Structure formats: C-alpha cells, structure tokens
Amino acid sequence: MVVFTVLFVPVILTLLPLSILYVMGSSGGLPEGDMADVPPQFLQICGNLPAVDCMQVFMMNQFMMMFMMMPLIIPTAIAAYSIVGEKTTRSLEPLLATPITTTELLTGKAVASAGPAIVISWVSFGIFILLLPLVGGTPGLIRNATGPVWLLAVIVIGPLLAIAAVNLAVIVSSRVNDPRAAEQAAGVLIVPLVAVLFAQLAGVIVLNITFMTLSILAMIVLDIGLIYLGARLFQRETILTRWK
C-alpha cells in the first residue's frame, strides 16, 4: 500500500488534468457559452484573457488542489507506520533505548516521511508544466500555472501540509496499535482542501494571492502547534511498557 501511494498516486494526479486538457483540445475545446458556468468572482483572475484561455484556467485551478493534496497523501501512508510499524516489527524498543532525544526521533521520522513526498510533488508539478503545451494548454493557462498563486500552492503550502500530515500521523500512531487508524486520522486534513475545492467551484472563494498568504500563515501556526503537541504526547516510557 505504501509503495502504491508513493509511486502511483503522483502519476495519477499528474496525468488526470493533462488528460482532460488533451480531450478538451481534441474535441475542439469548450464553447464560449460554457463561460456562464464560471463564477463571476473568478473572471477577475482571467482579466483580458480569451474565453478559451479563461475556461482552461478555471478548469485547471480545480486541479491545483490535487498538487496540494499530493504531499499530504503520500507521507501519511509512511508516517502512519513510523511508530506502529516499528512496534509490530519489534524495532521500536531498541530505538527508544538509544540516547537519541524525542525531538530528534520525531524530526527524523518527519523528514523521512515528508521529504520524499515534497520532492515527488515538485517533480510531478514540473512534469505537469512541461507537458502543458503538448496537450493543448493555452499561453494564458501556462502563465497562470507558473504564476505566484500556483507556485505558492505547490512550493509553499504543499510542504506545510506535508509537515502537518506527518506530525498528525506520528501523534496518532504513537497512541494507537493499528497503523490504519493512524493513517485514517491523519487523512482528516484532506477535508479542508475538499471544502476549499467546492467553495471555489461555487464561487464562494477565489484562490488568489491574499487567500494563499492567509493559508500559509494559518498552516505555519498549525504546524508549530502539531510539532509541540507531538513532542508533549510522545511518552517513551509509556510506549515501551503499555504496548504489548
């Protein structure tokens, strides 16, 4: 399951928007009448872009959430097994008996889980940008996808989400005996992203610089809180004596 998550999820989430763009281009694109489905608030982002460009930008902005979810989904599967998995394989006791501090232990597990996920998500986004012109992406879409909103979402918010997911998974996995329970608990972070996706589709919010900046500040506060909470809740002696 971990291998599937790490290898195939990025491929699927990268190829899905590219496939939709290719199909749109092969069918002659979307008629301008479909612009009526675009929320009026979103038209501010389009500016003077042609209708076809604006429609592509609107469609692809929904998939921006996927590139934000990628560094959240991938490390969760790894981090969920970081404590419980070591307990079941009986490698946790020798690890906790070493002179390593709790902060060093949790930092190492967080980096080992979040690091690959962040790199994979950045590589997937780079492939997505490179393939956009080949699948019918318009110049307006390419400028938007390489603009500050997308870059903040993928390069900044994505890693912050990965850190939050990893710390939450480690916290839960240090309190339960089932790695699946830890993974499901950490997966709750996907819910706000799904809510943002539907709010954008409904025209309630617009993913602009202001929204991204506020999201970054909120994620920094959340990450700091989860790191502190994880260090406080991780009781080495309790884990060694209670988990049998």
# chains A, B, ... in the order shown; residues from 1 in each chain; ligands from 1

call {"tool": "residues_around", "arguments": {"residues": "segment 125-137 of chain A", "least_positions_apart": "4", "cutoff": "8 Å", "atoms": "only C-alpha atoms", "output": "list in words"}}
result
Thr14, Leu15, Leu18, Ser19, Leu21, Tyr22, Gly25, Gln56, Phe67, Ser121, Leu141, Ile142, Ala145, Thr146 and Val154 of chain A

call {"tool": "residues_around", "arguments": {"residues": "Met219 of chain A", "least_positions_apart": "4", "cutoff": "9 Å", "atoms": "only C-alpha atoms", "output": "MDAnalysis selection string"}}
result
chainID A and resid 157 160:161 164 214:215 223:224

call {"tool": "write_last_selection", "arguments": {"atoms": "C-alpha atoms", "output": "PDB file, in the first residue's frame"}}
result
ATOM      1  CA  ILE A 157       1.565  25.282   1.071  1.00  0.00           C
ATOM      2  CA  LEU A 160       3.423  22.852   5.024  1.00  0.00           C
ATOM      3  CA  LEU A 161       0.548  20.408   4.541  1.00  0.00           C
ATOM      4  CA  ALA A 164       1.107  18.848   9.308  1.00  0.00           C
ATOM      5  CA  LEU A 214      -3.532  33.752   4.789  1.00  0.00           C
ATOM      6  CA  SER A 215      -3.413  29.983   4.216  1.00  0.00           C
ATOM      7  CA  ASP A 223       2.480  23.059  12.063  1.00  0.00           C
ATOM      8  CA  ILE A 224       4.092  24.671  15.093  1.00  0.00           C
TER       9      ILE A 224
END

call {"tool": "closest_residue", "arguments": {"among": "A:Gly140, A:Val6, A:Val149, A:Pro75", "to": "Val57 of chain A", "atoms": "only C-alpha atoms"}}
result
A:Gly140

call {"tool": "atom_distance", "arguments": {"atom1": "atom CA of Ala79 of chain A", "atom2": "atom CA of Ala110 of chain A"}}
result
7.2 Å
